[in-house]
file protein20.csv (CSV, C-alpha atoms)
chain,number,residue,atom,x,y,z
X,1,MET,CA,-9.4,-80.8,-29.7
X,2,ARG,CA,-6.9,-81.8,-27.0
X,3,ARG,CA,-4.0,-80.5,-29.1
X,4,ALA,CA,-5.9,-77.2,-29.7
X,5,CYS,CA,-6.4,-76.8,-26.0
X,6,THR,CA,-2.7,-77.5,-25.3
X,7,VAL,CA,-1.7,-74.9,-27.9
X,8,TRP,CA,-4.2,-72.4,-26.4
X,9,ALA,CA,-2.9,-73.0,-22.8
X,10,LEU,CA,0.7,-72.4,-24.0
X,11,VAL,CA,-0.3,-69.2,-25.8
X,12,VAL,CA,-2.1,-67.9,-22.7
X,13,GLY,CA,0.6,-69.1,-20.3
X,14,MET,CA,3.4,-67.6,-22.3
X,15,GLY,CA,2.0,-64.1,-22.3
X,16,ALA,CA,3.0,-61.8,-25.0
X,17,ALA,CA,5.7,-61.3,-27.5
X,18,GLN,CA,8.6,-59.4,-26.0
X,19,ALA,CA,10.4,-56.4,-27.3
X,20,ASP,CA,13.9,-55.4,-26.2
X,21,ALA,CA,14.6,-52.7,-28.8
X,22,PRO,CA,12.1,-50.0,-29.7
X,23,ASN,CA,9.9,-51.0,-32.6
X,24,SER,CA,10.3,-47.6,-34.1
X,25,ILE,CA,11.9,-44.2,-33.5
X,26,ASP,CA,10.2,-41.0,-34.8
X,27,PRO,CA,12.9,-39.4,-37.0
X,28,ALA,CA,11.6,-35.9,-36.2
X,29,SER,CA,11.5,-36.0,-32.4
X,30,GLY,CA,13.6,-39.0,-31.6
X,31,ALA,CA,10.7,-40.5,-29.5
X,32,ALA,CA,10.9,-44.3,-29.3
X,33,THR,CA,7.9,-46.6,-29.6
X,34,TRP,CA,7.6,-50.1,-28.1
X,35,GLU,CA,4.7,-52.3,-29.3
X,36,THR,CA,3.5,-55.8,-28.9
X,37,HIS,CA,0.4,-57.8,-29.9
X,38,ALA,CA,-0.9,-60.6,-27.7
X,39,HIS,CA,-4.1,-62.5,-27.6
X,40,GLY,CA,-5.7,-60.2,-30.1
X,41,VAL,CA,-4.8,-57.0,-28.2
X,42,ALA,CA,-2.3,-54.4,-29.3
X,43,LEU,CA,-0.2,-52.5,-26.7
X,44,ARG,CA,1.9,-49.5,-27.7
X,45,LEU,CA,4.0,-47.1,-25.6
X,46,THR,CA,5.5,-44.1,-27.3
X,47,GLN,CA,7.8,-41.8,-25.3
X,48,ILE,CA,6.5,-38.3,-24.7
X,49,LEU,CA,9.7,-36.2,-24.5
X,50,PRO,CA,9.9,-33.9,-21.5
X,51,ASP,CA,9.8,-30.8,-23.8
X,52,GLN,CA,6.6,-32.1,-25.5
X,53,ALA,CA,5.0,-32.7,-22.1
X,54,ARG,CA,6.1,-29.3,-20.8
X,55,ALA,CA,4.6,-27.6,-23.9
X,56,PHE,CA,1.4,-29.5,-23.6
X,57,TYR,CA,0.7,-28.8,-19.9
X,58,ILE,CA,1.9,-25.2,-19.9
X,59,SER,CA,-0.4,-24.5,-22.8
X,60,ARG,CA,-3.2,-26.1,-20.7
X,61,GLY,CA,-2.6,-23.7,-17.7
X,62,PHE,CA,0.1,-25.5,-15.7
X,63,SER,CA,2.9,-23.4,-14.2
X,64,ALA,CA,6.4,-24.3,-15.5
X,65,ALA,CA,7.2,-25.9,-12.1
X,66,ASP,CA,4.1,-28.0,-12.0
X,67,ALA,CA,4.5,-29.1,-15.7
X,68,GLU,CA,8.1,-30.1,-14.8
X,69,LEU,CA,7.0,-32.5,-12.2
X,70,TYR,CA,5.0,-34.5,-14.8
X,71,ALA,CA,7.2,-34.0,-17.8
X,72,THR,CA,10.2,-35.7,-16.0
X,73,ALA,CA,8.1,-38.6,-14.7
X,74,CYS,CA,8.7,-40.9,-17.7
X,75,VAL,CA,5.6,-40.3,-19.7
X,76,TYR,CA,4.3,-42.4,-22.5
X,77,MET,CA,1.6,-42.1,-25.1
X,78,THR,CA,-0.2,-45.4,-24.4
X,79,VAL,CA,-2.5,-47.2,-26.7
X,80,LEU,CA,-4.4,-50.4,-25.8
X,81,ARG,CA,-6.7,-51.8,-28.5
X,82,ASN,CA,-9.0,-54.8,-28.8
X,83,ASP,CA,-8.2,-56.0,-32.4
X,84,ALA,CA,-9.3,-59.6,-32.0
X,85,ALA,CA,-9.6,-60.6,-28.4
X,86,PRO,CA,-11.9,-63.6,-27.7
X,87,GLY,CA,-14.5,-61.2,-26.2
X,88,ALA,CA,-14.9,-57.8,-24.5
X,89,LEU,CA,-11.8,-57.1,-22.4
X,90,ASN,CA,-11.7,-55.2,-19.1
X,91,PHE,CA,-8.6,-53.7,-17.5
X,92,ARG,CA,-7.6,-51.7,-14.5
X,93,LEU,CA,-4.2,-49.9,-14.5
X,94,ALA,CA,-3.9,-50.9,-10.9
X,95,ASP,CA,-3.4,-54.5,-12.1
X,96,TRP,CA,-0.6,-53.6,-14.5
X,97,GLN,CA,2.9,-54.5,-13.2
X,98,VAL,CA,6.0,-52.4,-13.7
X,99,ARG,CA,9.4,-53.8,-12.7
X,100,VAL,CA,12.6,-51.9,-12.5
X,101,ARG,CA,15.7,-54.1,-12.3
X,102,GLY,CA,13.5,-56.9,-11.1
X,103,ALA,CA,11.9,-54.9,-8.3
X,104,PRO,CA,8.2,-54.0,-8.5
X,105,HIS,CA,7.3,-50.4,-9.0
X,106,VAL,CA,3.8,-49.0,-8.3
X,107,LEU,CA,2.1,-46.8,-10.9
X,108,ARG,CA,0.8,-43.6,-9.4
X,109,PRO,CA,-3.0,-43.5,-9.8
X,110,VAL,CA,-4.5,-40.6,-11.7
X,111,ASP,CA,-6.4,-39.5,-8.6
X,112,ASP,CA,-3.1,-39.1,-6.7
X,113,TRP,CA,-1.8,-36.8,-9.5
X,114,LEU,CA,-5.1,-34.8,-9.3
X,115,ALA,CA,-4.8,-34.5,-5.6
X,116,LEU,CA,-1.3,-33.2,-6.0
X,117,TRP,CA,-2.3,-30.6,-8.6
X,118,GLN,CA,-5.1,-29.4,-6.3
X,119,GLN,CA,-2.7,-29.2,-3.4
X,120,ARG,CA,-0.3,-27.1,-5.6
X,121,GLY,CA,-3.1,-24.8,-6.6
X,122,VAL,CA,-3.3,-25.9,-10.3
X,123,SER,CA,-6.5,-24.3,-11.8
X,124,GLU,CA,-9.6,-26.4,-12.3
X,125,SER,CA,-9.5,-26.1,-16.1
X,126,ALA,CA,-5.9,-27.3,-16.1
X,127,ARG,CA,-6.8,-30.2,-13.8
X,128,ILE,CA,-9.7,-31.2,-16.1
X,129,ALA,CA,-7.4,-31.1,-19.1
X,130,PHE,CA,-4.9,-33.3,-17.2
X,131,ARG,CA,-7.6,-35.8,-16.1
X,132,TRP,CA,-8.9,-36.3,-19.7
X,133,ALA,CA,-5.4,-36.5,-21.3
X,134,GLN,CA,-4.5,-39.5,-19.1
X,135,PHE,CA,-4.9,-43.1,-20.2
X,136,PRO,CA,-8.1,-44.4,-18.5
X,137,ALA,CA,-7.6,-45.9,-15.1
X,138,GLU,CA,-10.1,-48.6,-16.0
X,139,GLN,CA,-12.0,-49.4,-19.2
X,140,GLU,CA,-13.9,-52.0,-21.2
X,141,TYR,CA,-13.1,-52.6,-24.9
X,142,GLU,CA,-15.4,-54.5,-27.2
X,143,LEU,CA,-13.9,-55.6,-30.5
X,144,GLY,CA,-12.4,-52.6,-32.3
X,145,GLU,CA,-12.4,-50.3,-29.3
X,146,TRP,CA,-9.3,-48.6,-28.0
X,147,ASN,CA,-7.9,-45.6,-26.2
X,148,GLN,CA,-4.8,-43.4,-26.5
X,149,GLY,CA,-3.7,-41.4,-23.5
X,150,MET,CA,-0.8,-40.3,-21.4
X,151,LEU,CA,0.7,-42.6,-18.8
X,152,ALA,CA,3.4,-41.5,-16.3
X,153,LEU,CA,5.5,-44.3,-15.0
X,154,GLY,CA,6.9,-42.1,-12.2
X,155,LEU,CA,10.5,-43.1,-13.0
X,156,PRO,CA,13.5,-40.8,-13.6
X,157,PRO,CA,14.6,-39.9,-17.2
X,158,GLY,CA,16.6,-42.6,-18.9
X,159,GLU,CA,15.4,-45.4,-16.5
X,160,ARG,CA,14.6,-48.9,-17.9
X,161,PHE,CA,11.7,-51.0,-16.9
X,162,ASP,CA,9.5,-54.0,-17.9
X,163,LEU,CA,5.7,-53.6,-18.2
X,164,ALA,CA,3.1,-56.3,-18.0
X,165,ALA,CA,-0.3,-54.9,-19.1
X,166,ARG,CA,-3.1,-57.2,-17.9
X,167,TRP,CA,-6.7,-57.5,-18.8
X,168,GLN,CA,-9.6,-59.9,-18.4
X,169,VAL,CA,-11.9,-61.6,-20.9
X,170,ASP,CA,-14.7,-63.7,-19.4
X,171,SER,CA,-12.9,-63.8,-16.0
X,172,LYS,CA,-9.7,-65.1,-17.6
X,173,THR,CA,-6.5,-62.9,-17.2
X,174,TYR,CA,-4.3,-62.2,-20.2
X,175,GLU,CA,-1.2,-60.1,-20.4
X,176,ALA,CA,1.1,-58.4,-22.9
X,177,VAL,CA,4.7,-57.8,-21.8
X,178,LEU,CA,7.2,-55.1,-23.0
X,179,THR,CA,10.7,-55.6,-21.7
X,180,ASP,CA,13.6,-53.1,-21.4
X,181,VAL,CA,11.5,-50.1,-22.2
X,182,ARG,CA,13.4,-46.8,-21.6
X,183,CYS,CA,12.2,-43.6,-20.2
X,184,ALA,CA,13.0,-40.6,-22.4
X,185,PRO,CA,16.2,-38.8,-21.5
X,186,ARG,CA,15.9,-35.4,-19.7
T,1,MET,CA,-8.6,-9.1,-30.4
T,2,ASN,CA,-10.5,-9.6,-33.6
T,3,ARG,CA,-11.8,-13.0,-34.7
T,4,ILE,CA,-9.2,-13.6,-37.4
T,5,THR,CA,-6.3,-12.8,-35.1
T,6,SER,CA,-7.9,-14.9,-32.4
T,7,GLN,CA,-8.3,-17.8,-34.9
T,8,LEU,CA,-4.6,-17.6,-36.0
T,9,CYS,CA,-3.5,-17.4,-32.4
T,10,GLY,CA,-5.7,-20.4,-31.6
T,11,ILE,CA,-4.4,-22.5,-34.5
T,12,THR,CA,-0.8,-21.9,-33.3
T,13,LEU,CA,-1.7,-22.7,-29.7
T,14,ALA,CA,-3.7,-25.8,-30.8
T,15,TRP,CA,-0.7,-27.0,-32.8
T,16,LEU,CA,1.6,-26.5,-29.9
T,17,ALA,CA,-0.8,-28.1,-27.4
T,18,ALA,CA,-1.8,-31.1,-29.5
T,19,MET,CA,-0.9,-34.3,-27.8
T,20,PRO,CA,2.4,-35.5,-29.2
T,21,ALA,CA,2.3,-38.5,-31.5
T,22,ALA,CA,4.4,-39.7,-34.4
T,23,ALA,CA,2.2,-38.7,-37.3
T,24,GLU,CA,3.4,-41.5,-39.6
T,25,ASP,CA,2.7,-44.2,-37.1
T,26,LEU,CA,-0.8,-43.6,-35.8
T,27,PRO,CA,-3.1,-46.4,-34.8
T,28,PRO,CA,-5.7,-47.0,-37.5
T,29,LEU,CA,-9.3,-45.7,-37.0
T,30,THR,CA,-11.7,-48.6,-36.8
T,31,HIS,CA,-14.9,-49.2,-38.8
T,32,VAL,CA,-17.4,-50.8,-36.4
T,33,LEU,CA,-19.8,-49.6,-33.7
T,34,THR,CA,-20.4,-51.6,-30.6
T,35,PRO,CA,-24.1,-52.6,-30.3
T,36,ILE,CA,-25.5,-52.1,-26.9
T,37,ALA,CA,-27.1,-55.4,-25.8
T,38,ALA,CA,-29.7,-53.7,-23.6
T,39,PRO,CA,-30.4,-50.2,-25.0
T,40,TYR,CA,-31.0,-47.7,-22.3
T,41,PRO,CA,-32.4,-44.1,-22.1
T,42,ALA,CA,-29.8,-41.6,-23.1
T,43,PRO,CA,-28.7,-39.4,-20.2
T,44,ALA,CA,-29.6,-35.8,-20.2
T,45,LEU,CA,-27.5,-33.4,-22.3
T,46,LYS,CA,-28.0,-29.6,-22.2
T,47,LEU,CA,-25.1,-27.5,-23.2
T,48,ALA,CA,-24.3,-24.3,-25.1
T,49,ASP,CA,-22.6,-24.2,-28.5
T,50,LEU,CA,-19.8,-21.9,-29.6
T,51,ASP,CA,-22.2,-19.0,-30.0
T,52,GLY,CA,-23.7,-19.5,-26.6
T,53,LYS,CA,-27.0,-21.1,-27.9
T,54,LEU,CA,-28.3,-23.8,-25.7
T,55,HIS,CA,-29.0,-27.3,-27.2
T,56,GLU,CA,-30.8,-30.1,-25.5
T,57,LEU,CA,-30.8,-33.7,-26.6
T,58,VAL,CA,-34.6,-34.1,-26.1
T,59,ASN,CA,-35.1,-31.5,-28.8
T,60,PHE,CA,-33.6,-33.9,-31.3
T,61,LYS,CA,-36.0,-36.7,-30.5
T,62,GLY,CA,-37.2,-38.5,-33.6
T,63,LYS,CA,-33.8,-38.3,-35.2
T,64,LEU,CA,-30.9,-40.7,-35.1
T,65,ILE,CA,-28.3,-38.9,-33.1
T,66,VAL,CA,-24.6,-39.4,-33.0
T,67,VAL,CA,-23.2,-37.9,-29.8
T,68,ASN,CA,-19.4,-37.5,-29.9
T,69,PHE,CA,-17.3,-36.6,-26.9
T,70,TRP,CA,-13.9,-35.2,-27.9
T,71,ALA,CA,-11.2,-32.6,-27.3
T,72,THR,CA,-8.9,-30.7,-29.7
T,73,TRP,CA,-5.7,-32.1,-28.1
T,74,CYS,CA,-6.8,-35.7,-28.5
T,75,PRO,CA,-5.2,-37.2,-31.7
T,76,PRO,CA,-7.9,-39.8,-32.6
T,77,CYS,CA,-10.6,-37.1,-31.9
T,78,ARG,CA,-8.9,-34.8,-34.4
T,79,ARG,CA,-8.6,-37.5,-37.0
T,80,GLU,CA,-12.2,-38.8,-36.8
T,81,MET,CA,-13.9,-35.3,-36.8
T,82,PRO,CA,-14.0,-34.8,-40.6
T,83,SER,CA,-15.6,-38.2,-41.0
T,84,LEU,CA,-18.5,-37.1,-38.7
T,85,GLU,CA,-19.2,-34.3,-41.1
T,86,ARG,CA,-19.0,-36.6,-44.1
T,87,LEU,CA,-21.5,-38.9,-42.3
T,88,ARG,CA,-23.8,-36.0,-41.6
T,89,GLN,CA,-23.6,-35.1,-45.3
T,90,LYS,CA,-24.4,-38.7,-46.3
T,91,LEU,CA,-27.3,-39.3,-43.9
T,92,GLY,CA,-28.4,-35.9,-42.7
T,93,ASP,CA,-31.3,-35.6,-45.1
T,94,LYS,CA,-32.5,-39.0,-43.9
T,95,GLY,CA,-32.8,-37.9,-40.3
T,96,LEU,CA,-29.3,-38.3,-38.8
T,97,GLU,CA,-27.9,-35.6,-36.7
T,98,VAL,CA,-24.4,-35.3,-35.2
T,99,ILE,CA,-23.7,-33.5,-31.9
T,100,ALA,CA,-20.1,-33.0,-30.8
T,101,VAL,CA,-19.4,-32.3,-27.2
T,102,ASP,CA,-15.9,-30.8,-26.4
T,103,VAL,CA,-14.7,-31.8,-23.0
T,104,GLY,CA,-13.0,-29.2,-20.9
T,105,GLU,CA,-12.0,-26.5,-23.4
T,106,ASP,CA,-13.1,-23.0,-24.2
T,107,VAL,CA,-14.7,-21.4,-27.3
T,108,GLU,CA,-11.4,-20.0,-28.7
T,109,THR,CA,-9.6,-23.3,-28.7
T,110,VAL,CA,-12.5,-25.2,-30.3
T,111,PHE,CA,-13.2,-22.5,-32.8
T,112,ALA,CA,-9.5,-22.4,-33.9
T,113,PHE,CA,-9.4,-26.1,-34.4
T,114,THR,CA,-12.7,-26.5,-36.3
T,115,GLY,CA,-11.7,-23.6,-38.6
T,116,GLN,CA,-8.9,-25.9,-40.0
T,117,LEU,CA,-11.2,-28.8,-40.8
T,118,ASP,CA,-12.1,-29.9,-44.2
T,119,PRO,CA,-15.0,-30.4,-44.5
T,120,ALA,CA,-15.9,-27.8,-41.9
T,121,PRO,CA,-18.4,-29.2,-39.3
T,122,THR,CA,-21.9,-27.9,-39.8
T,123,PHE,CA,-23.3,-29.8,-36.7
T,124,PRO,CA,-23.6,-28.3,-33.2
T,125,MET,CA,-20.3,-28.1,-31.3
T,126,LEU,CA,-21.2,-28.0,-27.6
T,127,LEU,CA,-18.9,-27.1,-24.7
T,128,ASP,CA,-18.8,-29.3,-21.6
T,129,LYS,CA,-16.3,-27.1,-19.8
T,130,ASN,CA,-16.3,-28.8,-16.4
T,131,SER,CA,-16.7,-32.3,-18.0
T,132,ALA,CA,-19.8,-33.0,-15.9
T,133,VAL,CA,-21.9,-34.2,-18.9
T,134,ALA,CA,-19.1,-36.5,-20.1
T,135,GLN,CA,-19.0,-38.0,-16.6
T,136,HIS,CA,-22.8,-38.3,-16.5
T,137,TRP,CA,-22.6,-40.3,-19.7
T,138,LYS,CA,-19.9,-42.5,-18.1
T,139,VAL,CA,-17.2,-41.5,-20.6
T,140,ARG,CA,-13.9,-42.8,-19.4
T,141,GLY,CA,-11.6,-41.8,-22.3
T,142,LEU,CA,-11.8,-39.6,-25.4
T,143,PRO,CA,-13.1,-40.0,-28.0
T,144,THR,CA,-16.2,-41.8,-27.0
T,145,THR,CA,-19.3,-41.8,-29.2
T,146,PHE,CA,-22.8,-42.9,-28.6
T,147,VAL,CA,-25.7,-43.4,-31.1
T,148,VAL,CA,-29.1,-42.5,-29.8
T,149,ASP,CA,-32.1,-43.9,-31.7
T,150,THR,CA,-35.4,-42.1,-32.5
T,151,ASP,CA,-36.9,-43.2,-29.2
T,152,GLY,CA,-34.0,-41.6,-27.2
T,153,ARG,CA,-32.2,-44.9,-26.4
T,154,VAL,CA,-28.5,-45.5,-26.6
T,155,ILE,CA,-28.1,-48.3,-29.2
T,156,TYR,CA,-24.4,-48.1,-30.1
T,157,ARG,CA,-21.1,-47.1,-28.5
T,158,ALA,CA,-17.7,-46.4,-29.9
T,159,VAL,CA,-14.7,-46.1,-27.7
T,160,GLY,CA,-11.7,-44.8,-29.6
T,161,GLY,CA,-11.4,-43.2,-33.1
T,162,ARG,CA,-13.7,-44.3,-36.0
T,163,GLU,CA,-14.0,-43.6,-39.6
T,164,PHE,CA,-17.7,-42.7,-39.3
T,165,ASP,CA,-18.5,-42.4,-42.9
T,166,HIS,CA,-17.0,-45.9,-43.7
T,167,GLU,CA,-19.6,-48.0,-45.4
T,168,ALA,CA,-19.5,-50.6,-42.6
T,169,VAL,CA,-20.6,-47.9,-40.1
T,170,VAL,CA,-23.2,-46.5,-42.4
T,171,LYS,CA,-24.6,-50.0,-42.9
T,172,GLN,CA,-25.0,-50.3,-39.1
T,173,LEU,CA,-26.8,-47.0,-38.9
T,174,ARG,CA,-29.2,-47.1,-41.8
T,175,PRO,CA,-31.8,-49.5,-40.2
T,176,HIS,CA,-32.2,-47.0,-37.4
T,177,LEU,CA,-32.9,-43.9,-39.4
T,178,PRO,CA,-36.4,-42.5,-38.9
T,179,ALA,CA,-39.1,-43.9,-41.1
T,180,ARG,CA,-40.1,-41.5,-43.9
call {"tool": "encode", "arguments": {"input": "protein20.csv", "output": "structure tokens"}}
result
Amino acid sequence: MRRACTVWALVVGMGAAQADAPNSIDPASGAATWETHAHGVALRLTQILPDQARAFYISRGFSAADAELYATACVYMTVLRNDAAPGALNFRLADWQVRVRGAPHVLRPVDDWLALWQQRGVSESARIAFRWAQFPAEQEYELGEWNQGMLALGLPPGERFDLAARWQVDSKTYEAVLTDVRCAPR
Amino acid sequence: MNRITSQLCGITLAWLAAMPAAAEDLPPLTHVLTPIAAPYPAPALKLADLDGKLHELVNFKGKLIVVNFWATWCPPCRREMPSLERLRQKLGDKGLEVIAVDVGEDVETVFAFTGQLDPAPTFPMLLDKNSAVAQHWKVRGLPTTFVVDTDGRVIYRAVGGREFDHEAVVKQLRPHLPAR
């Protein structure tokens, strides 16, 4: 029992497996994917190339200038999935930590993006599309639940960063870490 | 613009506008619904379908209803949609109904996408253009699906894509089908 507890504490304390190189690169687009599994949870970031983001948002009603702001903000298709966590997990993006060359970098909340789009006169239908296309700002996943959505890091093209995704199960905090992730080039 | 031209145009736009994802490396759809520990009355739902006909959840009372919130650009939504029709084909004659609620899109976009599906959906496709209903149901991400029992209570939830006609899901649903 004691040994099991020690092993468990080590596992929780160590956080996640780390990934320096992308786990895969899509041969058609060149988009890279970083993925890790920790404490029964899968985390995956796949680059959304600026051209892909431009096409997506322009076709949803954004002007080219507005789409450009988002497309060049280091966007990822993000998946978080409860495959085998010890219970229902809860997370808030506000608790996730991004570090660029060791310095903390704050993720821009979806509400801030929405306020920016309103200020720039982006249509309501385009703002609704934007809001629902983003990775949720907070969520609860029971076993087998997951989401896939866009997450903009707000970093320049080509930048490198580390991401610690955090969640709670029964008031205990867990994390999965991806290191040396790269923003797509311009 | 005639309907065929509109559909072709829509298919092209839908393809261009689909959220980018590496097709060969998609997360698997799962095969379990989350039971709701304390079932609660389903929120109101009254929306028009692609032909402008109004549908209201209360009119389906007495059936087991699968309410799916989705959008055409959402990769797991697109992948799970055919399985909703296969589920309806499996259990429709036993009192199961499926309602799909598209969040934030227009008739042309939804029509263009559903025209490509095999099997084609035969259940109501409703439009929640301003996403007010999705927010009322406390949906945080797409797809999210709820199962409403014959008494109008939410008994299951599914956040993220599912293979709805998988035997494990069907097994969860069968005990809640209306008595015959």
call {"tool": "interface_residues", "arguments": {"input": "protein20.csv", "of": "chain X", "to": "chain T", "cutoff": "9 Å", "atoms": "all atoms listed in the file", "output": "ChimeraX atom specification"}}
result
/X:24-29,31,46-49,52-53,55-60,77,79,81,124-126,128-129,132-150
call {"tool": "residues_around", "arguments": {"input": "protein20.csv", "residues": "segment 56-63 of chain T", "least_positions_apart": "6", "cutoff": "8 Å", "atoms": "only C-alpha atoms", "output": "ChimeraX atom specification"}}
result
/T:44-47,95-97,149-152,177-178
call {"tool": "atom_distance", "arguments": {"input": "protein20.csv", "atom1": "atom CA of Val177 of chain X", "atom2": "atom CA of Asp162 of chain X"}}
result
7.3 Å
call {"tool": "atom_distance", "arguments": {"input": "protein20.csv", "atom1": "atom CA of Met125 of chain T", "atom2": "atom CA of Asp102 of chain T"}}
result
7.1 Å
call {"tool": "atom_distance", "arguments": {"input": "protein20.csv", "atom1": "atom CA of Pro156 of chain X", "atom2": "atom CA of Pro185 of chain X"}}
result
8.6 Å
